[in-house]
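Here's work-v2.txt, which has compact mmCIF, C-alpha atoms:
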# COMPACT_ATOMS: atom_id res chain seq x y z
CA MET A 208 -10.58 34.05 -11.76
CA GLU A 209 -11.57 30.39 -11.98
CA THR A 210 -8.98 27.78 -12.79
CA GLN A 211 -9.93 24.59 -14.54
CA ALA A 212 -8.42 21.31 -13.49
CA THR A 213 -6.43 19.60 -16.19
CA PRO A 214 -8.33 16.52 -17.31
CA VAL A 215 -6.58 13.28 -16.42
CA GLU A 216 -6.09 10.62 -19.08
CA PRO A 217 -8.13 7.49 -18.22
CA ARG A 218 -5.72 4.66 -17.43
CA GLY A 219 -8.01 1.67 -16.88
CA THR A 220 -9.61 -0.37 -14.11
CA LEU A 221 -7.72 -1.00 -10.88
CA LEU A 222 -8.43 -3.41 -8.05
CA LEU A 223 -7.19 -2.16 -4.68
CA ALA A 224 -7.19 -4.72 -1.85
CA ASP A 225 -6.09 -3.55 1.60
CA ASP A 226 -7.60 -4.20 5.01
CA ASP A 227 -6.38 -0.88 6.46
CA THR A 228 -9.50 1.27 5.97
CA SER A 229 -7.93 4.73 6.15
CA PHE A 230 -4.98 3.77 3.92
CA ARG A 231 -7.31 2.08 1.39
CA GLN A 232 -9.60 5.11 1.22
CA ARG A 233 -6.74 7.60 0.80
CA LEU A 234 -5.01 5.49 -1.84
CA ALA A 235 -8.27 4.86 -3.75
CA LEU A 236 -8.94 8.60 -3.86
CA THR A 237 -5.38 9.41 -4.96
CA LEU A 238 -5.31 6.72 -7.67
CA GLY A 239 -8.74 7.84 -8.87
CA ARG A 240 -7.39 11.37 -9.29
CA ARG A 241 -4.53 9.90 -11.37
CA GLY A 242 -6.95 8.45 -13.92
CA PHE A 243 -7.58 4.93 -12.62
CA THR A 244 -11.11 3.58 -12.18
CA VAL A 245 -10.65 2.15 -8.69
CA THR A 246 -12.63 -0.66 -7.11
CA ALA A 247 -11.56 -1.16 -3.49
CA ALA A 248 -11.83 -4.36 -1.47
CA ALA A 249 -11.41 -4.59 2.30
CA SER A 250 -10.66 -8.31 2.43
CA PHE A 251 -9.21 -11.27 0.55
CA ALA A 252 -12.71 -12.75 0.06
CA GLU A 253 -14.11 -9.48 -1.29
CA ALA A 254 -11.18 -9.04 -3.71
CA ARG A 255 -11.45 -12.65 -4.85
CA GLU A 256 -15.14 -12.16 -5.60
CA LEU A 257 -14.45 -8.98 -7.62
CA ILE A 258 -11.67 -10.41 -9.83
CA PRO A 259 -13.82 -12.39 -12.33
CA GLN A 260 -16.32 -9.52 -12.74
CA LEU A 261 -13.79 -6.70 -12.90
CA LYS A 262 -10.93 -8.31 -14.87
CA PRO A 263 -8.78 -5.31 -13.89
CA ASP A 264 -6.01 -3.74 -15.97
CA PHE A 265 -4.11 -3.01 -12.74
CA ALA A 266 -4.08 -4.26 -9.14
CA VAL A 267 -2.56 -2.97 -5.91
CA LEU A 268 -2.67 -5.69 -3.26
CA ASP A 269 -1.67 -5.76 0.39
CA LEU A 270 0.43 -8.83 1.13
CA ARG A 271 -1.29 -9.55 4.44
CA LEU A 272 -5.04 -9.22 4.34
CA GLY A 273 -6.99 -10.13 7.45
CA ASP A 274 -8.51 -13.25 5.87
CA GLY A 275 -5.85 -14.27 3.37
CA ASN A 276 -2.61 -13.63 1.51
CA GLY A 277 -2.33 -11.11 -1.33
CA LEU A 278 0.06 -13.45 -3.15
CA ASP A 279 -2.84 -15.88 -3.68
CA LEU A 280 -4.74 -13.10 -5.44
CA VAL A 281 -1.83 -12.63 -7.88
CA SER A 282 -2.28 -16.11 -9.34
CA GLU A 283 -6.06 -15.60 -9.56
CA LEU A 284 -5.57 -12.31 -11.39
CA ARG A 285 -3.11 -13.98 -13.78
CA ARG A 286 -5.66 -16.73 -14.55
CA VAL A 287 -8.44 -14.23 -15.33
CA ARG A 288 -6.27 -11.70 -17.14
CA PRO A 289 -2.58 -12.52 -17.77
CA ASP A 290 -1.59 -8.94 -18.65
CA THR A 291 -2.77 -7.33 -15.36
CA ARG A 292 -0.07 -5.09 -13.88
CA ILE A 293 0.16 -5.96 -10.18
CA VAL A 294 1.93 -4.17 -7.34
CA ILE A 295 2.19 -5.86 -3.93
CA LEU A 296 2.35 -3.58 -0.87
CA THR A 297 3.41 -4.70 2.56
CA GLY A 298 4.39 -3.33 5.92
CA TYR A 299 6.20 -6.59 6.63
CA GLY A 300 8.64 -6.64 3.75
CA ASN A 301 11.49 -9.05 3.41
CA LEU A 302 13.49 -10.50 0.55
CA ALA A 303 11.74 -13.88 0.55
CA THR A 304 8.25 -12.42 0.10
CA ALA A 305 9.50 -9.99 -2.55
CA VAL A 306 10.94 -12.88 -4.56
CA ALA A 307 7.74 -14.92 -4.08
CA ALA A 308 5.61 -11.98 -5.26
CA VAL A 309 7.63 -11.53 -8.44
CA LYS A 310 7.66 -15.29 -9.11
CA GLU A 311 3.87 -15.36 -8.78
CA GLY A 312 3.67 -12.62 -11.41
CA ALA A 313 3.62 -9.31 -9.55
CA THR A 314 5.05 -6.39 -11.51
CA ASP A 315 6.60 -4.80 -8.42
CA TYR A 316 6.81 -5.06 -4.65
CA LEU A 317 6.79 -1.93 -2.47
CA ALA A 318 7.16 -1.54 1.28
CA LYS A 319 4.54 0.47 3.14
CA PRO A 320 4.27 3.32 3.56
CA ALA A 321 4.59 3.62 -0.21
CA ASP A 322 4.26 6.99 -1.86
CA PRO A 323 1.30 7.03 -4.31
CA GLU A 324 3.62 8.38 -7.01
CA ASP A 325 5.88 5.32 -6.59
CA ILE A 326 2.83 3.05 -6.92
CA VAL A 327 1.69 4.81 -10.11
CA ASN A 328 5.22 4.63 -11.55
CA ALA A 329 5.40 0.91 -10.79
CA LEU A 330 2.00 0.29 -12.40
CA LEU A 331 2.85 2.27 -15.54
CA ALA A 332 6.48 1.17 -15.96
CA PRO A 333 7.16 -0.31 -19.41
CA GLU A 334 7.02 -4.11 -19.59
CA GLY A 335 10.34 -5.47 -18.37
CA GLY A 336 11.48 -1.95 -17.42
CA LYS A 337 12.06 -0.59 -13.98
CA PRO A 338 10.15 2.40 -12.63
CA GLU A 339 12.06 5.60 -12.09
CA PRO A 340 13.55 5.97 -8.60
CA PRO A 341 11.63 8.46 -6.46
CA ALA A 342 12.69 12.08 -6.96
CA GLU A 343 12.40 12.78 -3.24
CA PRO A 344 12.48 9.57 -1.22
CA MET A 345 11.27 9.63 2.37
CA SER A 346 13.90 10.42 4.94
CA ALA A 347 14.98 7.69 7.34
CA ASP A 348 13.28 9.61 10.15
CA ARG A 349 10.01 9.70 8.19
CA VAL A 350 10.17 5.95 7.39
CA ARG A 351 10.77 5.22 11.08
CA TRP A 352 7.89 7.50 12.12
CA GLU A 353 5.52 5.89 9.57
CA HIS A 354 6.47 2.41 10.80
CA ILE A 355 5.82 3.41 14.42
CA GLN A 356 2.44 4.89 13.44
CA ARG A 357 1.47 1.72 11.58
CA VAL A 358 2.34 -0.56 14.51
CA TYR A 359 0.52 1.85 16.86
CA GLU A 360 -2.63 1.58 14.72
CA LEU A 361 -2.30 -2.21 14.47
CA CYS A 362 -2.17 -2.32 18.29
CA ASP A 363 -5.44 -0.33 18.45
CA ARG A 364 -3.56 2.77 19.66
CA ASN A 365 -2.35 0.96 22.79
CA VAL A 366 0.94 2.63 23.77
CA SER A 367 2.15 -0.15 26.07
CA GLU A 368 1.51 -2.91 23.52
CA THR A 369 3.10 -0.85 20.72
CA ALA A 370 6.19 -0.17 22.85
CA ARG A 371 6.50 -3.87 23.67
CA ARG A 372 6.27 -4.90 20.00
CA LEU A 373 8.74 -2.22 18.91
CA LYS A 374 11.05 -3.15 21.80
CA MET A 375 11.26 0.40 23.09
CA HIS A 376 10.49 2.10 26.36
CA ARG A 377 6.88 3.28 26.72
CA ARG A 378 7.89 6.85 27.63
CA THR A 379 10.17 7.08 24.59
CA LEU A 380 7.28 5.97 22.39
CA GLN A 381 4.97 8.53 24.01
CA ARG A 382 7.45 11.32 23.22
CA ILE A 383 7.70 10.17 19.58
CA LEU A 384 3.91 9.98 19.23
CA ALA A 385 3.50 13.47 20.67
CA LYS A 386 5.70 15.02 17.96
CA ARG A 387 4.72 15.97 14.43
CA SER A 388 5.77 13.73 11.57
CA PRO A 389 9.25 14.45 10.18
CA ARG A 390 9.67 15.47 6.53

What is this structure when it is put down as structure tokens?
Amino acid sequence: METQATPVEPRGTLLLADDDTSFRQRLALTLGRRGFTVTAAASFAEARELIPQLKPDFAVLDLRLGDGNGLDLVSELRRVRPDTRIVILTGYGNLATAVAAVKEGATDYLAKPADPEDIVNALLAPEGGKPEPPAEPMSADRVRWEHIQRVYELCDRNVSETARRLKMHRRTLQRILAKRSPR
């Protein structure tokens, strides 16, 4: 017996800017399945070029792009289309950048690794309203594991450099990397 996929309601155009290729591709695919028409950019320059043509309904921007700052894209999006719903993602979150993102006009600010459902909820939250808290937030072990994986990738999978940056012993890091991800 063949099952038919439930059609997804079209939600509008979305600009996704992130310099992490695998994360960008996975998120673009997931958001596309949720009804967004996704245009992905790998750099600040590429995203900046797309903004006037696309005039997106939504945007998901990485705070630190290799060639620029995602916060600068927020003001450009606001100039082109003031009602764009914007979510800033970052692996380097802190209170100061969260406040700056919201002051620039971002709708929400989420720390990586952000669950796609949390991103969708933030994008679709009513104006002035807060998105629902996640039904099943990541465990502390999972957040730690994701952070270690991200730093490991940023260090080009160099165990010694990753251990140095995380301020942990290399053998401890090797044991963590050898294990499966926690739930």

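Using only C-alpha atoms, the smallest distance between any of A:Glu256, A:Glu368, A:Asp363, A:Asp269 and Ala321 in chain A comes from A:Asp269.
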
| task | Kindly indicate which residue among A:Ser346, A:Thr228, A:Thr220, A:Gln381 lies nearest to Ala266 in chain A, using only C-alpha atoms for the distances. | result | A:Thr220

| request: Between A:Asp348, A:Leu384, A:Asp315, A:Gly242, single out the one closest to Asn365 in chain A, counting only C-alpha atoms. | output: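 Closest candidate: A:Leu384.
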
| message | I'd like the contact shell of Lys262 in chain A - 10 Å cut-off, all atoms listed in the file, skipping same-chain residues fewer than 6 positions apart - returned as a PyMOL selection string. | response | chain A and resi 220-222+284-289+291

| request: Would you work out the distance separating CA of Leu380 in chain A from CA of Ala347 in chain A, expressed in Å to one decimal? | output: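 Straight-line distance from CA of Leu380 in chain A to CA of Ala347 in chain A works out to 17.0 Å.
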
| said: Within 9 Å of (-9.4, 5.2, -7.7) (file coordinates; all atoms listed in the file), which protein or nucleic acid residues are there? I'd like them as a list in words. | reply: Thr220, Leu221, Leu222, Leu223, Gln232, Leu234, Ala235, Leu236, Thr237, Leu238, Gly239, Arg240, Arg241, Gly242, Phe243, Thr244, Val245, Thr246 and Ala247 of chain A

| request: Check the smallest atom-to-atom distance from each of A:Ala308, A:Asp225, A:Pro263, A:Leu317 to Gly275 in chain A using only C-alpha atoms, then report the winner. | output: A:Asp225

| said: as a list in words, please: the residues near Leu330 in chain A (cut-off 9 Å, all atoms listed in the file, same-chain neighbours under 4 positions excluded). | reply: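 Answer for this query is Phe265, Ala266, Val267, Arg292, Ile293, Val294, Thr314, Asp315, Asp325, Ile326 and Pro338 of chain A.
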
Please save C-alpha atoms of the selected residues as a PDB file, in the coordinates of the input.
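What follows is the written file part_23.pdb:
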ATOM      1  CA  PHE A 265      -4.110  -3.010 -12.740  1.00  0.00           C
ATOM      2  CA  ALA A 266      -4.080  -4.260  -9.140  1.00  0.00           C
ATOM      3  CA  VAL A 267      -2.560  -2.970  -5.910  1.00  0.00           C
ATOM      4  CA  ARG A 292      -0.070  -5.090 -13.880  1.00  0.00           C
ATOM      5  CA  ILE A 293       0.160  -5.960 -10.180  1.00  0.00           C
ATOM      6  CA  VAL A 294       1.930  -4.170  -7.340  1.00  0.00           C
ATOM      7  CA  THR A 314       5.050  -6.390 -11.510  1.00  0.00           C
ATOM      8  CA  ASP A 315       6.600  -4.800  -8.420  1.00  0.00           C
ATOM      9  CA  ASP A 325       5.880   5.320  -6.590  1.00  0.00           C
ATOM     10  CA  ILE A 326       2.830   3.050  -6.920  1.00  0.00           C
ATOM     11  CA  PRO A 338      10.150   2.400 -12.630  1.00  0.00           C
TER      12      PRO A 338
END

| In terms of the shortest atom-to-atom distance over all atoms listed in the file, which of A:Thr369, A:Asn328, A:Ser282, A:Thr297 is closest to Tyr316 in chain A? |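 For Tyr316 in chain A, the nearest of the given residues is A:Thr297.
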
| CA of Arg271 in chain A and CA of Trp352 in chain A, how far apart in Å? |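 Computed distance, CA of Trp352 in chain A to CA of Arg271 in chain A, equals 20.8 Å.
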
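What separates CA of Ala307 in chain A from CA of Ala332 in chain A is a distance of 20.0 Å.
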
| field | Of the listed residues A:Lys319, A:Arg218, A:Arg378, A:Arg351, that which approaches Leu268 in chain A most closely, counting all atoms listed in the file | value | A:Lys319

Give me the box for range 250-266 of chain A as lines of an AutoDock Vina configuration file, namely the centre and edge lengths in Å to one decimal of a box along x, y and z that holds every listed atom plus 4 Å on each side.
center_x = -10.2
center_y = -7.9
center_z = -6.8
size_x = 20.2
size_y = 17.7
size_z = 26.4

| said: For Ala370 in chain A, find every residue with an atom within 12 Å (counting only C-alpha atoms), except residues of its own chain fewer than 5 positions away, and show them as a PyMOL selection string. | reply: chain A and resi 355-356+358-359+362+364-365+375-384
